[in-house]
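Beneath this line is the structure, given in structure tokens, with notes to follow.
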Amino acid sequence: MAKEQRVARSEWTGIKGRIGGWYLNSPFRRLSEMLFLGDCRSAFLRAVSEIARGNEVVLDVGAGSGYFSLALVTKLNAGKVICLDLSEEMLWRLKRKAEEQGQADRIQIVEAPATASGLEPESVDLAVSNGLFHELPTPDAVVTEMLRVSKSGGWVIITDFRDTRVGRRIGAAHREGSHGPFSVGEMEILLINAGLRNVNVRPVRHWVVGVGQK
């Protein structure tokens with residue numbers, strides 16, 4: 001029953017989760033972003049490459065069907081990616097894709113809320129989240145959880161929609177009460193107020209990429 005209640009709170013369940021899980025890790029998404037939104041995945045991977053040595057344990061919060069997670073794990077020589085999401089449908093597709101790509105042994109799937117991962121404190125080297133924060137009613141609570149599980153000196157990377165006309169249209173499709181897209185200043189404040197240092201936030205067309213260190 002507890003599992004059913006957790007899944008029921010996910011926006012990405014049922015038919016939306018199944019269709020979304022397919023689209024959000026498909027060549028059509030990649031093409032759409034390259035043409036209209038900006039290449040967020042490449043910007044994210046560049047940010048990771050500036051930090052990572054290649055043997056990190058990485059937590060991907062709101063991993064969905066693995067669009068970022070599976071690209072990230074190929075950039076690591078060792079280590080693994082812990083994929084956290086609340087959608088059973090999304091995680092099922094991620095698991096299947098990881099198996100197809102021969103990466104199942106380096107992907108750990110966790111079905112849990114972004115605010116309560118259940119992971120041990122200071123257990124990950126890098127905590128990331130991509131395209132989730134605009135859906136959240138309380139983004140600060142998720143950053144708090146990311147910091148809780150991050151080691152001292154570890155890093156947090158968050159990418160999400162920027163507060164542009166396009167970003168606002170995409171954000172409007174989600175539940176009432178969700179935060180919506182972020183300005184550069186809003187993302188900076190979010191990370192600084194959480195207690196992160198060495199904060200660096202930059203725009204990438206209709207995206208914003210925020211980086212900070214615990």
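A note on labels: chains of the structure tokens are A, B, ... as shown, every chain counts residues from 1, and ligands are counted from 1 in their shown order.
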
Which residues are near region 142-152 of chain A? Cut-off 6 Å, only C-alpha atoms, ignore same chain within fewer than 4 positions. Put them as a list in words.
Ala114, Thr115, Pro121, Glu122, Ser123, Val124, Asp125, Ala127 and Lys214 of chain A

So which residues of region 5-201 of chain A fall under strand (DSSP E or B) by DSSP, listed as a ChimeraX atom specification?
/A:57-61,80-85,107-111,124-130,150-162,182,197-201

Please provide the set of residues having any atom within 12 Å of Ser178 (chain A), restricted to only C-alpha atoms, with same-chain residues fewer than 5 positions apart removed, written as a VMD selection string.
chain A and resid 11 132 to 139 168 170 to 173

Write out, as a Markdown table, each residue of region 114-151 of chain A that has an atom at most 12 Å from region 34-51 of chain A, together with the closest pair of atoms and their distance in Å to one decimal, counting only C-alpha atoms, rows going by chain and rising number.
| residue | atom | partner | partner_atom | distance |
| --- | --- | --- | --- | --- |
| A:Asp125 | CA | A:Ile51 | CA | 10.2 |
| A:Leu126 | CA | A:Val48 | CA | 8.8 |
| A:Ala127 | CA | A:Val48 | CA | 10.4 |
| A:Val128 | CA | A:Val48 | CA | 9.2 |
| A:Ser129 | CA | A:Phe44 | CA | 9.7 |
| A:Asn130 | CA | A:Phe44 | CA | 8.4 |
| A:Gly131 | CA | A:Cys40 | CA | 9.5 |

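Considering only C-alpha atoms, the residue among A:Asp140, A:Glu188, A:Glu176, A:Asp160 positioned nearest to Arg205 (chain A) is A:Asp160.
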
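Nearest residue to Ile158 (chain A) among A:Ala104, A:Val209, A:Ile19, A:Val184 is A:Val209, counting only C-alpha atoms.
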